[in-house]
Each structure stands twice: as C-alpha cells, then as structure tokens.
Amino acid sequence: MDCVKVYVDVTAEFSKDGILTPKSFVWKDDRIYEIQRVKDMRRAASLKAGGVGMRYTCVIDGKDSYLFYEDNNMWFVEGKAGA
C-alpha cells in the first residue's frame, strides 16, 4: 500500500531558546496521541509520503514514529493510503 501525508492537529510548545517541541497530536478519528519523548529533530524528507521539513522522531505508545513540520507551518504523519 502506498503512503500518504495525513495532516494532523498538533499541540506543541516553544522553549525559551526557541525550540519547537510537539507534545501530542490528533489523528483523523479524533484520538489524541501523547508524545512520550522526542528522540531526534532534523531537517529531512519523507521518503514514503513526499514532502520536506523538520522531521521529529517521536516515541508514541512505546514505538518510534515520524512527525513532520513542513515549511507551510502544517504537521503531518505518514499514513497508509485508503486507511
């Protein structure tokens, strides 16, 4: 199955040093996923869904997931097409 961008609402905060850190996001079925930890943050492309921006490697429910913050100020995750 192909991968697509799934745009999500994100709760995030800026530190006093100007670092943007996501805290949770809302999936398309309105479930809220808490981000336990951000392991890495770097500018990178989504090789599965396309697009480029800041890629956050997040721990969600004990698993690593990517959350992207695009230059258009929108957040997305990689989702399965048709899901």
# chains A, B, ... in the order shown; residues from 1 in each chain; ligands from 1
>>> residues_around(residues="Lys39 (chain A)", least_positions_apart="3", cutoff="10 Å", atoms="only C-alpha atoms", output="number ranges by chain")
A: 36, 56-59, 64-65
>>> select_by_dssp(residues="chain A", states="strand (DSSP E or B)", output="compact mmCIF listing (two decimals) with all heavy atoms, in the first residue's frame")
# COMPACT_ATOMS: atom_id res chain seq x y z
N CYS A 3 1.99 5.16 0.71
CA CYS A 3 1.98 6.02 1.88
C CYS A 3 1.52 7.42 1.46
O CYS A 3 1.85 7.89 0.38
CB CYS A 3 3.38 6.07 2.47
SG CYS A 3 3.42 6.19 4.22
N VAL A 4 0.75 8.07 2.31
CA VAL A 4 0.27 9.42 2.04
C VAL A 4 0.52 10.30 3.25
O VAL A 4 0.72 9.81 4.36
CB VAL A 4 -1.24 9.43 1.69
CG1 VAL A 4 -1.51 8.67 0.41
CG2 VAL A 4 -2.07 8.89 2.83
N LYS A 5 0.48 11.60 3.02
CA LYS A 5 0.56 12.55 4.13
C LYS A 5 -0.80 12.60 4.81
O LYS A 5 -1.82 12.74 4.14
CB LYS A 5 0.87 13.96 3.61
CG LYS A 5 2.24 14.15 3.07
CD LYS A 5 2.39 15.60 2.64
CE LYS A 5 3.67 15.85 1.92
NZ LYS A 5 3.79 17.25 1.51
N VAL A 6 -0.79 12.47 6.11
CA VAL A 6 -2.01 12.66 6.90
C VAL A 6 -1.75 13.89 7.76
O VAL A 6 -0.92 13.85 8.67
CB VAL A 6 -2.32 11.43 7.77
CG1 VAL A 6 -3.56 11.69 8.63
CG2 VAL A 6 -2.49 10.18 6.92
N TYR A 7 -2.42 14.99 7.43
CA TYR A 7 -2.24 16.22 8.19
C TYR A 7 -2.97 16.09 9.52
O TYR A 7 -4.09 15.57 9.59
CB TYR A 7 -2.74 17.42 7.40
CG TYR A 7 -1.80 17.77 6.27
CD1 TYR A 7 -2.06 17.34 4.98
CD2 TYR A 7 -0.64 18.49 6.52
CE1 TYR A 7 -1.18 17.63 3.94
CE2 TYR A 7 0.24 18.78 5.49
CZ TYR A 7 -0.03 18.36 4.21
OH TYR A 7 0.84 18.65 3.20
N VAL A 8 -2.31 16.54 10.59
CA VAL A 8 -2.84 16.39 11.94
C VAL A 8 -2.73 17.70 12.70
O VAL A 8 -1.87 18.54 12.40
CB VAL A 8 -2.10 15.27 12.71
CG1 VAL A 8 -2.40 13.90 12.12
CG2 VAL A 8 -0.60 15.50 12.75
N ASP A 9 -3.62 17.87 13.68
CA ASP A 9 -3.52 18.98 14.62
C ASP A 9 -2.51 18.57 15.69
O ASP A 9 -2.58 17.45 16.20
CB ASP A 9 -4.86 19.27 15.28
CG ASP A 9 -5.88 19.84 14.30
OD1 ASP A 9 -5.47 20.53 13.35
OD2 ASP A 9 -7.08 19.60 14.50
N VAL A 10 -1.60 19.49 16.02
CA VAL A 10 -0.53 19.20 16.97
C VAL A 10 -0.54 20.23 18.09
O VAL A 10 -0.72 21.42 17.84
CB VAL A 10 0.85 19.20 16.26
CG1 VAL A 10 1.99 19.09 17.26
CG2 VAL A 10 0.91 18.08 15.24
N THR A 11 -0.37 19.74 19.30
CA THR A 11 -0.11 20.62 20.43
C THR A 11 1.41 20.61 20.63
O THR A 11 2.00 19.54 20.76
CB THR A 11 -0.81 20.12 21.70
OG1 THR A 11 -2.21 20.09 21.47
CG2 THR A 11 -0.50 21.02 22.89
N ALA A 12 1.99 21.80 20.61
CA ALA A 12 3.45 21.91 20.72
C ALA A 12 3.78 23.11 21.59
O ALA A 12 2.92 23.96 21.84
CB ALA A 12 4.07 22.05 19.34
N GLU A 13 5.02 23.17 22.01
CA GLU A 13 5.45 24.34 22.78
C GLU A 13 6.83 24.79 22.35
O GLU A 13 7.63 23.99 21.87
CB GLU A 13 5.39 24.07 24.28
CG GLU A 13 6.23 22.94 24.78
CD GLU A 13 6.02 22.68 26.28
OE1 GLU A 13 4.87 22.75 26.75
OE2 GLU A 13 7.01 22.40 26.94
N PHE A 14 7.04 26.08 22.49
CA PHE A 14 8.34 26.67 22.23
C PHE A 14 9.07 26.84 23.55
O PHE A 14 8.49 27.32 24.52
CB PHE A 14 8.21 28.05 21.58
CG PHE A 14 7.96 28.02 20.11
CD1 PHE A 14 6.69 28.23 19.61
CD2 PHE A 14 9.00 27.79 19.22
CE1 PHE A 14 6.46 28.22 18.25
CE2 PHE A 14 8.77 27.77 17.86
CZ PHE A 14 7.49 27.99 17.37
N LEU A 20 11.00 24.30 19.04
CA LEU A 20 9.62 23.84 18.92
C LEU A 20 9.58 22.34 19.20
O LEU A 20 10.28 21.56 18.55
CB LEU A 20 9.10 24.12 17.51
CG LEU A 20 7.69 23.66 17.18
CD1 LEU A 20 6.66 24.37 18.06
CD2 LEU A 20 7.38 23.91 15.71
N THR A 21 8.76 21.94 20.19
CA THR A 21 8.66 20.54 20.58
C THR A 21 7.20 20.10 20.57
O THR A 21 6.39 20.67 21.30
CB THR A 21 9.25 20.32 21.98
OG1 THR A 21 10.60 20.80 22.00
CG2 THR A 21 9.23 18.85 22.37
N PRO A 22 6.86 19.10 19.74
CA PRO A 22 5.49 18.60 19.76
C PRO A 22 5.21 17.80 21.02
O PRO A 22 6.08 17.09 21.52
CB PRO A 22 5.42 17.71 18.51
CG PRO A 22 6.83 17.26 18.30
CD PRO A 22 7.70 18.39 18.78
N LYS A 23 3.98 17.92 21.55
CA LYS A 23 3.59 17.21 22.77
C LYS A 23 2.52 16.16 22.52
O LYS A 23 2.48 15.14 23.20
CB LYS A 23 3.07 18.22 23.82
CG LYS A 23 4.12 19.22 24.25
CD LYS A 23 5.25 18.53 24.95
CE LYS A 23 6.30 19.50 25.45
NZ LYS A 23 7.41 18.81 26.10
N SER A 24 1.63 16.40 21.56
CA SER A 24 0.59 15.43 21.22
C SER A 24 0.02 15.80 19.85
O SER A 24 0.26 16.91 19.35
CB SER A 24 -0.54 15.43 22.26
OG SER A 24 -1.22 16.66 22.25
N PHE A 25 -0.71 14.86 19.25
CA PHE A 25 -1.41 15.17 18.00
C PHE A 25 -2.74 14.44 17.97
O PHE A 25 -2.96 13.47 18.69
CB PHE A 25 -0.55 14.85 16.77
CG PHE A 25 -0.31 13.39 16.52
CD1 PHE A 25 -1.18 12.64 15.75
CD2 PHE A 25 0.81 12.77 17.04
CE1 PHE A 25 -0.95 11.30 15.51
CE2 PHE A 25 1.05 11.42 16.80
CZ PHE A 25 0.17 10.69 16.03
N VAL A 26 -3.63 14.95 17.13
CA VAL A 26 -4.97 14.38 16.99
C VAL A 26 -5.04 13.64 15.66
O VAL A 26 -4.82 14.23 14.60
CB VAL A 26 -6.06 15.47 17.04
CG1 VAL A 26 -7.45 14.85 16.93
CG2 VAL A 26 -5.94 16.30 18.31
N ILE A 32 -6.42 11.25 20.48
CA ILE A 32 -5.26 12.08 20.82
C ILE A 32 -4.13 11.15 21.20
O ILE A 32 -4.29 10.25 22.04
CB ILE A 32 -5.58 13.04 21.98
CG1 ILE A 32 -6.68 14.01 21.56
CG2 ILE A 32 -4.32 13.78 22.42
CD1 ILE A 32 -7.20 14.88 22.68
N TYR A 33 -2.98 11.35 20.57
CA TYR A 33 -1.78 10.55 20.86
C TYR A 33 -0.76 11.44 21.57
O TYR A 33 -0.35 12.47 21.02
CB TYR A 33 -1.19 9.98 19.57
CG TYR A 33 -2.02 8.87 19.00
CD1 TYR A 33 -3.02 9.13 18.07
CD2 TYR A 33 -1.82 7.55 19.40
CE1 TYR A 33 -3.81 8.10 17.56
CE2 TYR A 33 -2.59 6.52 18.89
CZ TYR A 33 -3.58 6.80 17.97
OH TYR A 33 -4.35 5.79 17.48
N GLU A 34 -0.40 11.04 22.76
CA GLU A 34 0.62 11.75 23.53
C GLU A 34 2.00 11.34 23.04
O GLU A 34 2.23 10.16 22.76
CB GLU A 34 0.49 11.45 25.03
CG GLU A 34 -0.83 11.85 25.64
CD GLU A 34 -1.05 13.35 25.66
OE1 GLU A 34 -0.06 14.10 25.80
OE2 GLU A 34 -2.21 13.76 25.52
N ARG A 37 8.29 11.14 24.13
CA ARG A 37 9.64 11.69 24.03
C ARG A 37 9.95 12.01 22.59
O ARG A 37 9.48 11.33 21.68
CB ARG A 37 10.63 10.63 24.55
CG ARG A 37 12.06 11.08 24.64
CD ARG A 37 12.86 10.15 25.53
NE ARG A 37 13.10 8.85 24.97
CZ ARG A 37 14.24 8.50 24.36
NH1 ARG A 37 15.22 9.37 24.23
NH2 ARG A 37 14.40 7.28 23.89
N VAL A 38 10.74 13.05 22.38
CA VAL A 38 11.29 13.36 21.05
C VAL A 38 12.75 12.93 21.08
O VAL A 38 13.54 13.46 21.85
CB VAL A 38 11.16 14.86 20.70
CG1 VAL A 38 11.84 15.17 19.38
CG2 VAL A 38 9.69 15.27 20.65
N LYS A 39 13.07 11.93 20.25
CA LYS A 39 14.42 11.37 20.24
C LYS A 39 15.37 12.12 19.33
O LYS A 39 16.58 12.15 19.55
CB LYS A 39 14.38 9.91 19.81
CG LYS A 39 13.68 9.01 20.79
CD LYS A 39 13.46 7.61 20.24
CE LYS A 39 14.75 6.83 20.16
NZ LYS A 39 14.49 5.42 19.75
N ASP A 40 14.81 12.73 18.26
CA ASP A 40 15.66 13.39 17.27
C ASP A 40 14.83 14.43 16.53
O ASP A 40 13.61 14.28 16.40
CB ASP A 40 16.21 12.36 16.28
CG ASP A 40 17.22 12.96 15.32
OD1 ASP A 40 18.18 13.61 15.79
OD2 ASP A 40 17.04 12.81 14.10
N MET A 41 15.50 15.46 16.08
CA MET A 41 14.86 16.51 15.30
C MET A 41 15.87 16.96 14.25
O MET A 41 16.99 17.32 14.60
CB MET A 41 14.48 17.67 16.22
CG MET A 41 13.82 18.82 15.52
SD MET A 41 13.54 20.21 16.65
CE MET A 41 15.16 20.99 16.58
N ARG A 42 15.48 16.87 12.97
CA ARG A 42 16.39 17.28 11.90
C ARG A 42 15.59 17.61 10.66
O ARG A 42 14.48 17.14 10.48
CB ARG A 42 17.40 16.19 11.59
CG ARG A 42 16.78 14.94 10.98
CD ARG A 42 17.80 13.87 10.67
NE ARG A 42 18.33 13.37 11.93
CZ ARG A 42 19.57 12.95 12.07
NH1 ARG A 42 20.39 12.91 11.06
NH2 ARG A 42 20.00 12.52 13.22
N ARG A 43 16.17 18.41 9.79
CA ARG A 43 15.53 18.71 8.51
C ARG A 43 15.70 17.49 7.62
O ARG A 43 16.81 16.99 7.42
CB ARG A 43 16.18 19.93 7.87
CG ARG A 43 15.45 20.38 6.63
CD ARG A 43 15.66 21.86 6.38
NE ARG A 43 14.94 22.27 5.19
CZ ARG A 43 13.65 22.58 5.15
NH1 ARG A 43 12.93 22.53 6.25
NH2 ARG A 43 13.07 22.93 4.03
N ALA A 44 14.58 16.98 7.11
CA ALA A 44 14.63 15.75 6.32
C ALA A 44 13.38 15.63 5.46
O ALA A 44 12.37 16.29 5.70
CB ALA A 44 14.74 14.53 7.24
N ALA A 45 13.48 14.77 4.46
CA ALA A 45 12.35 14.49 3.58
C ALA A 45 11.61 13.25 4.07
O ALA A 45 12.20 12.36 4.66
CB ALA A 45 12.84 14.27 2.16
N VAL A 52 9.03 17.77 2.60
CA VAL A 52 10.25 18.01 3.36
C VAL A 52 9.94 19.01 4.46
O VAL A 52 9.03 19.82 4.34
CB VAL A 52 11.40 18.50 2.44
CG1 VAL A 52 11.11 19.89 1.91
CG2 VAL A 52 12.73 18.46 3.16
N GLY A 53 10.69 18.92 5.53
CA GLY A 53 10.52 19.84 6.65
C GLY A 53 11.33 19.34 7.83
O GLY A 53 12.27 18.56 7.67
N MET A 54 10.93 19.77 9.01
CA MET A 54 11.58 19.26 10.21
C MET A 54 10.95 17.92 10.54
O MET A 54 9.73 17.81 10.64
CB MET A 54 11.39 20.23 11.38
CG MET A 54 12.16 21.52 11.22
SD MET A 54 13.94 21.31 10.97
CE MET A 54 14.44 20.64 12.54
N ARG A 55 11.80 16.90 10.65
CA ARG A 55 11.32 15.55 10.98
C ARG A 55 11.63 15.28 12.44
O ARG A 55 12.77 15.32 12.87
CB ARG A 55 11.99 14.50 10.11
CG ARG A 55 11.45 13.10 10.38
CD ARG A 55 12.19 12.05 9.61
NE ARG A 55 13.53 11.89 10.20
CZ ARG A 55 14.52 11.21 9.63
NH1 ARG A 55 14.36 10.66 8.46
NH2 ARG A 55 15.69 11.11 10.24
N TYR A 56 10.59 15.01 13.20
CA TYR A 56 10.72 14.67 14.61
C TYR A 56 10.57 13.16 14.76
O TYR A 56 9.57 12.59 14.30
CB TYR A 56 9.62 15.36 15.43
CG TYR A 56 9.76 16.87 15.48
CD1 TYR A 56 9.33 17.67 14.43
CD2 TYR A 56 10.32 17.49 16.59
CE1 TYR A 56 9.45 19.04 14.48
CE2 TYR A 56 10.45 18.87 16.65
CZ TYR A 56 10.01 19.64 15.59
OH TYR A 56 10.14 21.00 15.64
N THR A 57 11.55 12.52 15.36
CA THR A 57 11.43 11.11 15.69
C THR A 57 10.85 11.06 17.10
O THR A 57 11.51 11.46 18.07
CB THR A 57 12.79 10.39 15.64
OG1 THR A 57 13.36 10.59 14.34
CG2 THR A 57 12.63 8.90 15.91
N CYS A 58 9.59 10.62 17.19
CA CYS A 58 8.86 10.66 18.44
C CYS A 58 8.58 9.25 18.96
O CYS A 58 8.38 8.34 18.17
CB CYS A 58 7.51 11.35 18.23
SG CYS A 58 7.64 13.03 17.60
N VAL A 59 8.53 9.12 20.27
CA VAL A 59 8.10 7.88 20.89
C VAL A 59 6.62 8.06 21.25
O VAL A 59 6.26 8.95 22.04
CB VAL A 59 8.92 7.54 22.14
CG1 VAL A 59 8.41 6.26 22.79
CG2 VAL A 59 10.39 7.42 21.79
N ILE A 60 5.77 7.23 20.60
CA ILE A 60 4.33 7.27 20.82
C ILE A 60 3.88 5.85 21.12
O ILE A 60 4.12 4.94 20.33
CB ILE A 60 3.60 7.81 19.56
CG1 ILE A 60 4.13 9.21 19.22
CG2 ILE A 60 2.09 7.81 19.76
CD1 ILE A 60 3.77 9.68 17.84
N LYS A 63 6.56 3.22 20.65
CA LYS A 63 7.12 2.97 19.33
C LYS A 63 7.63 4.26 18.70
O LYS A 63 7.06 5.33 18.92
CB LYS A 63 6.05 2.38 18.40
CG LYS A 63 5.51 1.05 18.87
CD LYS A 63 4.42 0.58 17.94
CE LYS A 63 3.75 -0.66 18.49
NZ LYS A 63 2.52 -0.98 17.78
N ASP A 64 8.67 4.14 17.89
CA ASP A 64 9.19 5.29 17.17
C ASP A 64 8.29 5.62 15.99
O ASP A 64 7.89 4.73 15.23
CB ASP A 64 10.60 5.01 16.64
CG ASP A 64 11.66 5.03 17.74
OD1 ASP A 64 11.30 5.26 18.91
OD2 ASP A 64 12.84 4.81 17.41
N SER A 65 7.97 6.90 15.83
CA SER A 65 7.17 7.39 14.71
C SER A 65 7.74 8.72 14.26
O SER A 65 8.30 9.46 15.06
CB SER A 65 5.71 7.58 15.12
OG SER A 65 5.12 6.38 15.50
N TYR A 66 7.56 9.01 12.97
CA TYR A 66 7.98 10.30 12.44
C TYR A 66 6.80 11.26 12.40
O TYR A 66 5.70 10.90 11.99
CB TYR A 66 8.53 10.17 11.02
CG TYR A 66 9.84 9.44 10.92
CD1 TYR A 66 10.05 8.52 9.91
CD2 TYR A 66 10.88 9.68 11.81
CE1 TYR A 66 11.25 7.85 9.78
CE2 TYR A 66 12.08 9.01 11.70
CZ TYR A 66 12.26 8.10 10.67
OH TYR A 66 13.45 7.43 10.56
N LEU A 67 7.06 12.49 12.81
CA LEU A 67 6.11 13.59 12.71
C LEU A 67 6.85 14.71 11.99
O LEU A 67 7.96 15.06 12.37
CB LEU A 67 5.66 14.03 14.11
CG LEU A 67 4.73 15.22 14.23
CD1 LEU A 67 3.38 14.93 13.55
CD2 LEU A 67 4.50 15.56 15.70
N PHE A 68 6.25 15.25 10.93
CA PHE A 68 6.90 16.26 10.11
C PHE A 68 6.24 17.61 10.27
O PHE A 68 5.00 17.70 10.32
CB PHE A 68 6.83 15.86 8.62
CG PHE A 68 7.64 14.65 8.27
CD1 PHE A 68 7.12 13.38 8.40
CD2 PHE A 68 8.94 14.80 7.81
CE1 PHE A 68 7.86 12.25 8.08
CE2 PHE A 68 9.69 13.68 7.48
CZ PHE A 68 9.16 12.41 7.62
N TYR A 69 7.06 18.65 10.34
CA TYR A 69 6.59 20.03 10.38
C TYR A 69 7.08 20.69 9.10
O TYR A 69 8.27 20.94 8.93
CB TYR A 69 7.13 20.75 11.62
CG TYR A 69 6.62 22.15 11.80
CD1 TYR A 69 5.26 22.39 11.98
CD2 TYR A 69 7.49 23.22 11.82
CE1 TYR A 69 4.79 23.67 12.17
CE2 TYR A 69 7.03 24.51 12.00
CZ TYR A 69 5.67 24.73 12.18
OH TYR A 69 5.21 26.00 12.36
N GLU A 70 6.16 20.93 8.17
CA GLU A 70 6.52 21.47 6.86
C GLU A 70 6.77 22.98 6.92
O GLU A 70 6.33 23.66 7.85
CB GLU A 70 5.40 21.20 5.85
CG GLU A 70 5.22 19.74 5.51
CD GLU A 70 4.15 19.54 4.47
OE1 GLU A 70 3.01 20.01 4.66
OE2 GLU A 70 4.47 18.90 3.46
N TRP A 75 1.59 20.23 10.04
CA TRP A 75 2.16 18.99 10.55
C TRP A 75 1.55 17.81 9.82
O TRP A 75 0.36 17.81 9.54
CB TRP A 75 1.84 18.84 12.03
CG TRP A 75 2.46 19.84 12.94
CD1 TRP A 75 1.93 21.05 13.29
CD2 TRP A 75 3.68 19.72 13.66
NE1 TRP A 75 2.76 21.68 14.19
CE2 TRP A 75 3.84 20.89 14.43
CE3 TRP A 75 4.65 18.72 13.74
CZ2 TRP A 75 4.93 21.09 15.27
CZ3 TRP A 75 5.75 18.93 14.58
CH2 TRP A 75 5.88 20.10 15.33
N PHE A 76 2.35 16.78 9.54
CA PHE A 76 1.80 15.55 9.00
C PHE A 76 2.57 14.32 9.50
O PHE A 76 3.70 14.42 9.94
CB PHE A 76 1.76 15.56 7.46
CG PHE A 76 3.08 15.34 6.77
CD1 PHE A 76 3.51 14.07 6.43
CD2 PHE A 76 3.89 16.41 6.40
CE1 PHE A 76 4.72 13.86 5.76
CE2 PHE A 76 5.08 16.22 5.75
CZ PHE A 76 5.50 14.94 5.42
N VAL A 77 1.87 13.19 9.42
CA VAL A 77 2.48 11.89 9.68
C VAL A 77 2.31 11.06 8.42
O VAL A 77 1.47 11.38 7.57
CB VAL A 77 1.86 11.18 10.90
CG1 VAL A 77 2.16 11.93 12.18
CG2 VAL A 77 0.38 10.97 10.73
N GLU A 78 3.09 10.01 8.30
CA GLU A 78 2.99 9.11 7.15
C GLU A 78 1.89 8.09 7.45
O GLU A 78 1.95 7.39 8.45
CB GLU A 78 4.31 8.41 6.91
CG GLU A 78 5.44 9.38 6.58
CD GLU A 78 6.82 8.77 6.68
OE1 GLU A 78 7.01 7.83 7.50
OE2 GLU A 78 7.70 9.22 5.96
N GLY A 79 0.87 8.04 6.58
CA GLY A 79 -0.23 7.11 6.78
C GLY A 79 -0.40 6.24 5.54
O GLY A 79 0.09 6.56 4.46
N LYS A 80 -1.13 5.16 5.71
CA LYS A 80 -1.39 4.26 4.59
C LYS A 80 -2.52 4.81 3.74
O LYS A 80 -3.54 5.26 4.26
CB LYS A 80 -1.75 2.87 5.11
CG LYS A 80 -0.59 2.19 5.79
CD LYS A 80 -0.99 0.83 6.31
CE LYS A 80 0.19 0.21 7.03
NZ LYS A 80 -0.20 -0.83 7.94
>>> atom_distance(atom1="CA of Gly18 (chain A)", atom2="CA of Asn72 (chain A)")
18.0 Å
>>> atom_distance(atom1="CA of Ala49 (chain A)", atom2="CA of Asp2 (chain A)")
8.0 Å
>>> atom_distance(atom1="CA of Asp30 (chain A)", atom2="CA of Ser15 (chain A)")
26.9 Å
>>> decode(residues="chain A", atoms="C-alpha atoms", output="CSV table (one decimal), in the first residue's frame")
chain,number,residue,atom,x,y,z
A,1,MET,CA,0.0,0.0,0.0
A,2,ASP,CA,1.2,3.5,-0.8
A,3,CYS,CA,2.0,6.0,1.9
A,4,VAL,CA,0.3,9.4,2.0
A,5,LYS,CA,0.6,12.6,4.1
A,6,VAL,CA,-2.0,12.7,6.9
A,7,TYR,CA,-2.2,16.2,8.2
A,8,VAL,CA,-2.8,16.4,11.9
A,9,ASP,CA,-3.5,19.0,14.6
A,10,VAL,CA,-0.5,19.2,17.0
A,11,THR,CA,-0.1,20.6,20.4
A,12,ALA,CA,3.5,21.9,20.7
A,13,GLU,CA,5.5,24.3,22.8
A,14,PHE,CA,8.3,26.7,22.2
A,15,SER,CA,11.2,26.7,24.8
A,16,LYS,CA,12.8,29.9,25.9
A,17,ASP,CA,15.5,29.0,23.4
A,18,GLY,CA,13.1,29.0,20.5
A,19,ILE,CA,13.0,25.2,20.1
A,20,LEU,CA,9.6,23.8,18.9
A,21,THR,CA,8.7,20.5,20.6
A,22,PRO,CA,5.5,18.6,19.8
A,23,LYS,CA,3.6,17.2,22.8
A,24,SER,CA,0.6,15.4,21.2
A,25,PHE,CA,-1.4,15.2,18.0
A,26,VAL,CA,-5.0,14.4,17.0
A,27,TRP,CA,-5.5,11.5,14.5
A,28,LYS,CA,-8.2,11.7,11.8
A,29,ASP,CA,-10.6,9.7,14.1
A,30,ASP,CA,-10.2,12.3,16.8
A,31,ARG,CA,-8.0,10.1,19.0
A,32,ILE,CA,-5.3,12.1,20.8
A,33,TYR,CA,-1.8,10.6,20.9
A,34,GLU,CA,0.6,11.8,23.5
A,35,ILE,CA,4.3,12.0,22.6
A,36,GLN,CA,6.3,10.5,25.4
A,37,ARG,CA,9.6,11.7,24.0
A,38,VAL,CA,11.3,13.4,21.0
A,39,LYS,CA,14.4,11.4,20.2
A,40,ASP,CA,15.7,13.4,17.3
A,41,MET,CA,14.9,16.5,15.3
A,42,ARG,CA,16.4,17.3,11.9
A,43,ARG,CA,15.5,18.7,8.5
A,44,ALA,CA,14.6,15.7,6.3
A,45,ALA,CA,12.3,14.5,3.6
A,46,SER,CA,9.5,12.0,4.0
A,47,LEU,CA,10.8,9.2,1.7
A,48,LYS,CA,7.4,7.4,1.9
A,49,ALA,CA,4.9,10.2,1.5
A,50,GLY,CA,6.9,13.0,-0.1
A,51,GLY,CA,7.5,16.5,1.3
A,52,VAL,CA,10.3,18.0,3.4
A,53,GLY,CA,10.5,19.8,6.7
A,54,MET,CA,11.6,19.3,10.2
A,55,ARG,CA,11.3,15.6,11.0
A,56,TYR,CA,10.7,14.7,14.6
A,57,THR,CA,11.4,11.1,15.7
A,58,CYS,CA,8.9,10.7,18.4
A,59,VAL,CA,8.1,7.9,20.9
A,60,ILE,CA,4.3,7.3,20.8
A,61,ASP,CA,2.9,4.3,22.7
A,62,GLY,CA,6.4,2.9,23.1
A,63,LYS,CA,7.1,3.0,19.3
A,64,ASP,CA,9.2,5.3,17.2
A,65,SER,CA,7.2,7.4,14.7
A,66,TYR,CA,8.0,10.3,12.4
A,67,LEU,CA,6.1,13.6,12.7
A,68,PHE,CA,6.9,16.3,10.1
A,69,TYR,CA,6.6,20.0,10.4
A,70,GLU,CA,6.5,21.5,6.9
A,71,ASP,CA,7.7,24.9,5.8
A,72,ASN,CA,4.0,25.8,5.3
A,73,ASN,CA,3.5,25.5,9.1
A,74,MET,CA,1.5,22.3,8.8
A,75,TRP,CA,2.2,19.0,10.6
A,76,PHE,CA,1.8,15.5,9.0
A,77,VAL,CA,2.5,11.9,9.7
A,78,GLU,CA,3.0,9.1,7.1
A,79,GLY,CA,-0.2,7.1,6.8
A,80,LYS,CA,-1.4,4.3,4.6
A,81,ALA,CA,-3.4,5.2,1.5
A,82,GLY,CA,-7.0,4.3,1.9
A,83,ALA,CA,-6.8,3.8,5.6
